[in-house]
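A.B. asks: My structure is below; once you've seen it, I'll send some questions.
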Amino acid sequence: MLITSAQNSKIKLVNRLRGKRGRQQEARFVIDYERDLRRAWLQGYQIDFILHSPEVAPPPDYAEGEAHQVTPALLKRASYRENPDGMIAVMRSKPAKGLGELREADSKRALVLVALQVPGNIGALLRSADAAGMDAVILVDVALDLYNPNIIRSSTGACFGDKIYQLNGGEALTFLKREGFQIAAADVAGDRSLYEIDFGVKSAIALGAEDQGLPQTWIDRADQVVRIPMAGTISDSLNVSVCGALIMYELYRQTSGDQGFPSQKG
């Protein structure tokens with residue numbers, strides 16, 4: 001059956017899932033890029049249904065949910081992206097992981113994101129955390145949900161990983177201190193350069209929102225307050241996602257057992 005009307009119930013559901021409230025109430029979210037769909041599927045996410053336009057692209061051959069054809073014009077109208085990838089998939093959400101799951105994980109390298117508000121920054125940091133081999137990403141007092149379309153897009157699917165936890169500030173600080181993590185708090189006024197830091201066996205990198213930085217509680221309880229040295233004369237800070245990537249890779253360099261980076265083979 002070809003769907004041609006924007007009043008169709010499935011099109012209305014897709015539109016509803018563009019908002020956080022709709023995603024929470026329906027326990028579903030939307031993916032409109034095949035690479036992200038494949039990565040979600042490989043992480044065990046279930047496909048509810050797919051809307052696709054044969055004129056643009058066939059549905060993925062691994063899709064297990066219902067597939068419904070739509071016109072190219074309707075697909076473009078319903079898609080979050082300007083240039084849709086030929087399909088829109090409605091996926092079933094997974095429950096957020098919290099303190100209980102984090103306690104059971106054997107984590108030694110954690111990225112802590114405190115009250116971040118920009119979905120593109122969160123997504124980019126999730127992507128870098130996966131690349132740098134972080135064992136856990138702890139979202140602290142983050143109001144955004146992981147299925148925000150901009151988080152999905154900027155993370156290139158890293159938001160579907162199983163090492164992401166959502167805690168409040170008290171839970172996160174208590175857990176990290178109790179478990180013996182060395183907390184390195186990033187701050188433009190940090191008293192130690194990134195390249196003077198010796199990361200411990202269990203290390204946590206804490207980052208705050210760009211406009212306000214980390215709450216003072218995190219600065220006060222950190223083992224080290226880190227700044228990234230800057231040689232320029234115009235910029236006084238880096239984007240938080242760039243800052244996080246630099247610190248994570250310095251942690252990776254120090255704790256990977258190799259002072260360089262693994263060679264690329266193949």
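Residue numbering restarts at 1 in every chain; chains get A, B, ... in the order shown in the structure tokens, and ligands count up from 1 in that same order.
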Could you produce a table of the residues of segment 78-130 of chain A lying within 7 Å of segment 28-46 of chain A, with the nearest pair of atoms per residue and their separation in Å rounded to one decimal, using only C-alpha atoms, ordered by chain and increasing residue number, as a Markdown table?
C.D. replies:
```
| residue | atom | partner | partner_atom | distance |
| --- | --- | --- | --- | --- |
| A:Ser79 | CA | A:Asp32 | CA | 6.5 |
| A:Pro84 | CA | A:Asp32 | CA | 6.5 |
| A:Asp85 | CA | A:Tyr33 | CA | 5.3 |
| A:Met87 | CA | A:Asp32 | CA | 5.9 |
| A:Ile88 | CA | A:Asp32 | CA | 4.4 |
| A:Ala89 | CA | A:Ile31 | CA | 5.1 |
| A:Val90 | CA | A:Val30 | CA | 4.7 |
| A:Met91 | CA | A:Phe29 | CA | 5.3 |
| A:Arg92 | CA | A:Arg28 | CA | 4.5 |
| A:Ser93 | CA | A:Arg28 | CA | 5.0 |
```
A.B. asks: How would the residues just picked look written out with N, CA and C atoms as a PDB file, in the first residue's frame?
C.D. replies:
```pdb
ATOM      1  N   SER A  79      10.879  13.674   6.769  1.00  0.00           N
ATOM      2  CA  SER A  79      12.247  13.466   7.225  1.00  0.00           C
ATOM      3  C   SER A  79      12.779  14.684   7.973  1.00  0.00           C
ATOM      4  N   PRO A  84      16.806  13.279   2.622  1.00  0.00           N
ATOM      5  CA  PRO A  84      16.564  11.972   3.249  1.00  0.00           C
ATOM      6  C   PRO A  84      17.255  10.854   2.495  1.00  0.00           C
ATOM      7  N   ASP A  85      17.541   9.789   3.244  1.00  0.00           N
ATOM      8  CA  ASP A  85      18.321   8.667   2.733  1.00  0.00           C
ATOM      9  C   ASP A  85      17.452   7.573   2.118  1.00  0.00           C
ATOM     10  N   MET A  87      14.638   6.433   3.352  1.00  0.00           N
ATOM     11  CA  MET A  87      13.811   5.701   4.293  1.00  0.00           C
ATOM     12  C   MET A  87      13.735   6.463   5.611  1.00  0.00           C
ATOM     13  N   ILE A  88      12.683   6.181   6.353  1.00  0.00           N
ATOM     14  CA  ILE A  88      12.526   6.659   7.731  1.00  0.00           C
ATOM     15  C   ILE A  88      12.150   5.448   8.562  1.00  0.00           C
ATOM     16  N   ALA A  89      12.897   5.176   9.609  1.00  0.00           N
ATOM     17  CA  ALA A  89      12.632   4.028  10.467  1.00  0.00           C
ATOM     18  C   ALA A  89      12.145   4.492  11.831  1.00  0.00           C
ATOM     19  N   VAL A  90      11.064   3.908  12.283  1.00  0.00           N
ATOM     20  CA  VAL A  90      10.581   4.132  13.640  1.00  0.00           C
ATOM     21  C   VAL A  90      11.082   2.968  14.495  1.00  0.00           C
ATOM     22  N   MET A  91      11.836   3.308  15.537  1.00  0.00           N
ATOM     23  CA  MET A  91      12.504   2.315  16.363  1.00  0.00           C
ATOM     24  C   MET A  91      11.912   2.296  17.771  1.00  0.00           C
ATOM     25  N   ARG A  92      12.066   1.166  18.444  1.00  0.00           N
ATOM     26  CA  ARG A  92      11.635   1.064  19.830  1.00  0.00           C
ATOM     27  C   ARG A  92      12.779   1.432  20.765  1.00  0.00           C
ATOM     28  N   SER A  93      12.489   2.324  21.702  1.00  0.00           N
ATOM     29  CA  SER A  93      13.518   2.792  22.629  1.00  0.00           C
ATOM     30  C   SER A  93      13.895   1.711  23.636  1.00  0.00           C
TER      31      SER A  93
END
```
A.B. asks: Where in segment 50-99 of chain A does DSSP assign helix (DSSP H, G or I), given as a ChimeraX atom specification?
C.D. replies: /A:72-78,99
A.B. asks: Which residue out of A:Ala110, A:Tyr249, A:His52, A:Ala186 has the minimum interatomic distance to Ser203 of chain A when only C-alpha atoms are used?
C.D. replies: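 So, comparing all the options, the nearest one is A:Ala110.
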A.B. asks: I'd like to know which of A:Ala132, A:Ala57, A:Ala222, A:Val140 is closest to Gln254 of chain A, using only C-alpha atoms.
C.D. replies: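 For Gln254 of chain A, the nearest of the given residues is A:Ala132.
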A.B. asks: Give me, as a VMD selection string, all polymer residues having an atom no more than 12 Å from Ser5 of chain A, counting only C-alpha atoms and skipping those fewer than 6 positions away in the same chain.
C.D. replies: chain A and resid 11 to 12 69 to 75 77 to 78
A.B. asks: Could you give me, as a list in words, the residues within 12 Å of Ala27 of chain A, counting only C-alpha atoms and dropping anything in the same chain fewer than 5 positions from it?
C.D. replies: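 Neighbouring residues, sequence-local ones excluded: Leu13, Arg16, Leu17, Gly19, Lys20, Arg21, Gly22, Gln46, Asp48, Val90, Met91, Arg92, Ser93, Lys94, Pro95, Ala96, Asp145 and Tyr147 of chain A.
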A.B. asks: Take the selection from the previous step and output its residues with C-alpha atoms, as a tab-separated table (two decimals), in the first residue's frame.
C.D. replies:
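Final file, result-v6.tsv:
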```tsv
chain	number	residue	atom	x	y	z
A	13	LEU	CA	3.50	9.36	14.49
A	16	ARG	CA	5.16	13.35	16.86
A	17	LEU	CA	8.44	11.56	17.49
A	19	GLY	CA	9.73	16.03	19.97
A	20	LYS	CA	11.09	14.72	23.28
A	21	ARG	CA	7.64	14.40	24.83
A	22	GLY	CA	6.40	12.30	21.93
A	46	GLN	CA	14.11	-3.25	17.30
A	48	ASP	CA	8.85	-0.95	14.56
A	90	VAL	CA	10.58	4.13	13.64
A	91	MET	CA	12.50	2.31	16.36
A	92	ARG	CA	11.63	1.06	19.83
A	93	SER	CA	13.52	2.79	22.63
A	94	LYS	CA	15.49	1.07	25.36
A	95	PRO	CA	15.19	2.03	29.03
A	96	ALA	CA	17.90	4.43	30.18
A	145	ASP	CA	17.27	12.42	25.59
A	147	TYR	CA	17.19	9.87	20.78
```
A.B. asks: Can you list, as a list of chain:residue names, every residue of segment 117-266 of chain A that DSSP puts in strand (DSSP E)?
C.D. replies: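 Of segment 117-266 of chain A, the ones in strand (DSSP E) are A:Ala136, A:Val137, A:Ile138, A:Leu139, A:Val140, A:Ile164, A:Tyr165, A:Gln166, A:Leu167, A:Gln182, A:Ile183, A:Ala184, A:Ala185, A:Ala186, A:Arg192, A:Ser193, A:Ser203, A:Ala204, A:Ile205, A:Ala206, A:Leu207, A:Gly208, A:Gln224, A:Val225, A:Val226, A:Arg227.
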A.B. asks: Go ahead and compute the interatomic distance for atom CA of Leu176 of chain A and atom CA of Lys97 of chain A, in Å to one decimal.
C.D. replies: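 Separating atom CA of Leu176 of chain A from atom CA of Lys97 of chain A is a distance of 16.3 Å.
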A.B. asks: From the set A:Leu113, A:Ile228, A:Val188, A:Leu126, which residue has the shortest atom-to-atom contact distance to Ala204 of chain A, counting only C-alpha atoms?
C.D. replies: A:Leu113
A.B. asks: Can you tell me how far atom CA of Gln166 of chain A sits from atom CA of Arg103 of chain A, in Å to one decimal?
C.D. replies: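 Going from atom CA of Gln166 of chain A over to atom CA of Arg103 of chain A covers 12.4 Å.
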A.B. asks: Excluding same-chain residues fewer than 4 positions from segment 58-68 of chain A, what lies within 7 Å of it counting only C-alpha atoms, as a list in words?
C.D. replies: Met1, Leu2, Ile47, Asp48, Phe49, Ile50, Leu51, His52, Ser53, Pro54 and Met87 of chain A
A.B. asks: For the selection just defined, write its residues with N, CA and C atoms to a file, as a short mmCIF file (atom, residue, chain, number, x, y, z; two decimals), in the first residue's frame.
C.D. replies:
```
data_model
loop_
_atom_site.label_atom_id
_atom_site.label_comp_id
_atom_site.auth_asym_id
_atom_site.auth_seq_id
_atom_site.Cartn_x
_atom_site.Cartn_y
_atom_site.Cartn_z
N MET A 1 0.84 -1.19 0.00
CA MET A 1 0.00 0.00 0.00
C MET A 1 0.88 1.24 0.00
N LEU A 2 0.59 2.15 -0.89
CA LEU A 2 1.35 3.39 -1.01
C LEU A 2 0.70 4.48 -0.16
N ILE A 47 13.22 -2.61 15.17
CA ILE A 47 12.55 -1.75 14.20
C ILE A 47 11.04 -1.95 14.32
N ASP A 48 10.31 -0.87 14.51
CA ASP A 48 8.85 -0.95 14.56
C ASP A 48 8.30 -0.99 13.13
N PHE A 49 8.61 0.04 12.35
CA PHE A 49 8.25 0.02 10.94
C PHE A 49 9.14 0.98 10.17
N ILE A 50 9.17 0.79 8.86
CA ILE A 50 9.98 1.62 7.98
C ILE A 50 9.10 2.23 6.90
N LEU A 51 9.30 3.51 6.65
CA LEU A 51 8.70 4.17 5.50
C LEU A 51 9.81 4.34 4.47
N HIS A 52 9.55 3.94 3.24
CA HIS A 52 10.59 4.06 2.24
C HIS A 52 9.99 4.44 0.90
N SER A 53 10.83 5.02 0.09
CA SER A 53 10.42 5.42 -1.25
C SER A 53 11.26 4.65 -2.26
N PRO A 54 10.69 3.70 -2.98
CA PRO A 54 11.46 2.87 -3.92
C PRO A 54 12.20 3.70 -4.97
N MET A 87 14.64 6.43 3.35
CA MET A 87 13.81 5.70 4.29
C MET A 87 13.74 6.46 5.61
#
```
A.B. asks: Which residue gives the smallest distance to Ser237 of chain A among A:Leu139, A:Ala189, A:Thr255, A:Asp198, with only C-alpha atoms counted?
C.D. replies: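 For Ser237 of chain A, the nearest of the candidates is A:Ala189.
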A.B. asks: Would you please work out which residue, of A:Ile247, A:Ile3, A:Ala115, A:Leu173, is nearest to Asp220 of chain A when using only C-alpha atoms?
C.D. replies: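 Looking only at the distances to Asp220 of chain A, the closest residue turns out to be A:Leu173.
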A.B. asks: Hey, which of A:Ala158, A:Ile152, A:Val56, A:Leu102 ends up closest to Ile138 of chain A? Count only C-alpha atoms.
C.D. replies: A:Leu102
A.B. asks: May I have the residues within 12 Å of Gly244 of chain A as a VMD selection string, using only C-alpha atoms and disregarding those fewer than 5 positions away in the same chain?
C.D. replies: chain A and resid 110 to 113 121 to 129 132 134 137 184 to 187 194 204 to 210 226 to 228 238 to 239 249 to 251
A.B. asks: Since we have the selection now, will you write its residues out, keeping C-alpha atoms, as a PDB file, in the first residue's frame?
C.D. replies:
```pdb
ATOM      1  CA  ALA A 110      34.751   7.420  32.192  1.00  0.00           C
ATOM      2  CA  LEU A 111      33.593  10.580  30.452  1.00  0.00           C
ATOM      3  CA  VAL A 112      31.261  12.685  32.581  1.00  0.00           C
ATOM      4  CA  LEU A 113      29.096  15.296  30.849  1.00  0.00           C
ATOM      5  CA  ASN A 121      28.108  18.656  21.291  1.00  0.00           C
ATOM      6  CA  ILE A 122      26.735  15.651  23.165  1.00  0.00           C
ATOM      7  CA  GLY A 123      26.638  13.592  19.981  1.00  0.00           C
ATOM      8  CA  ALA A 124      30.178  14.559  18.985  1.00  0.00           C
ATOM      9  CA  LEU A 125      31.459  13.663  22.457  1.00  0.00           C
ATOM     10  CA  LEU A 126      29.734  10.273  22.357  1.00  0.00           C
ATOM     11  CA  ARG A 127      31.403   9.628  19.014  1.00  0.00           C
ATOM     12  CA  SER A 128      34.833  10.618  20.343  1.00  0.00           C
ATOM     13  CA  ALA A 129      34.320   8.602  23.541  1.00  0.00           C
ATOM     14  CA  ALA A 132      38.941   6.733  22.340  1.00  0.00           C
ATOM     15  CA  MET A 134      36.046   5.064  27.037  1.00  0.00           C
ATOM     16  CA  VAL A 137      29.832   7.938  29.414  1.00  0.00           C
ATOM     17  CA  ALA A 184      40.039  15.403  36.058  1.00  0.00           C
ATOM     18  CA  ALA A 185      37.788  18.444  35.708  1.00  0.00           C
ATOM     19  CA  ALA A 186      38.209  20.549  32.577  1.00  0.00           C
ATOM     20  CA  ASP A 187      38.258  24.307  33.192  1.00  0.00           C
ATOM     21  CA  LEU A 194      46.649  18.753  30.131  1.00  0.00           C
ATOM     22  CA  ALA A 204      37.067  10.210  34.935  1.00  0.00           C
ATOM     23  CA  ILE A 205      37.068  13.287  32.700  1.00  0.00           C
ATOM     24  CA  ALA A 206      34.395  15.827  33.694  1.00  0.00           C
ATOM     25  CA  LEU A 207      33.154  18.451  31.237  1.00  0.00           C
ATOM     26  CA  GLY A 208      30.567  21.183  31.732  1.00  0.00           C
ATOM     27  CA  ALA A 209      28.396  23.275  29.428  1.00  0.00           C
ATOM     28  CA  GLU A 210      30.240  25.767  27.235  1.00  0.00           C
ATOM     29  CA  VAL A 226      42.834  20.667  33.828  1.00  0.00           C
ATOM     30  CA  ARG A 227      43.261  23.355  31.221  1.00  0.00           C
ATOM     31  CA  ILE A 228      44.219  22.882  27.581  1.00  0.00           C
ATOM     32  CA  LEU A 238      37.678  25.522  22.623  1.00  0.00           C
ATOM     33  CA  ASN A 239      34.352  23.961  21.757  1.00  0.00           C
ATOM     34  CA  TYR A 249      42.976  10.949  23.627  1.00  0.00           C
ATOM     35  CA  GLU A 250      45.624  12.047  26.113  1.00  0.00           C
ATOM     36  CA  LEU A 251      44.061   9.592  28.578  1.00  0.00           C
TER      37      LEU A 251
END
```
A.B. asks: Would you mind reading off the distance between atom CA of Arg81 of chain A and atom CA of Asp130 of chain A, one decimal, in Å?
C.D. replies: 24.1 Å
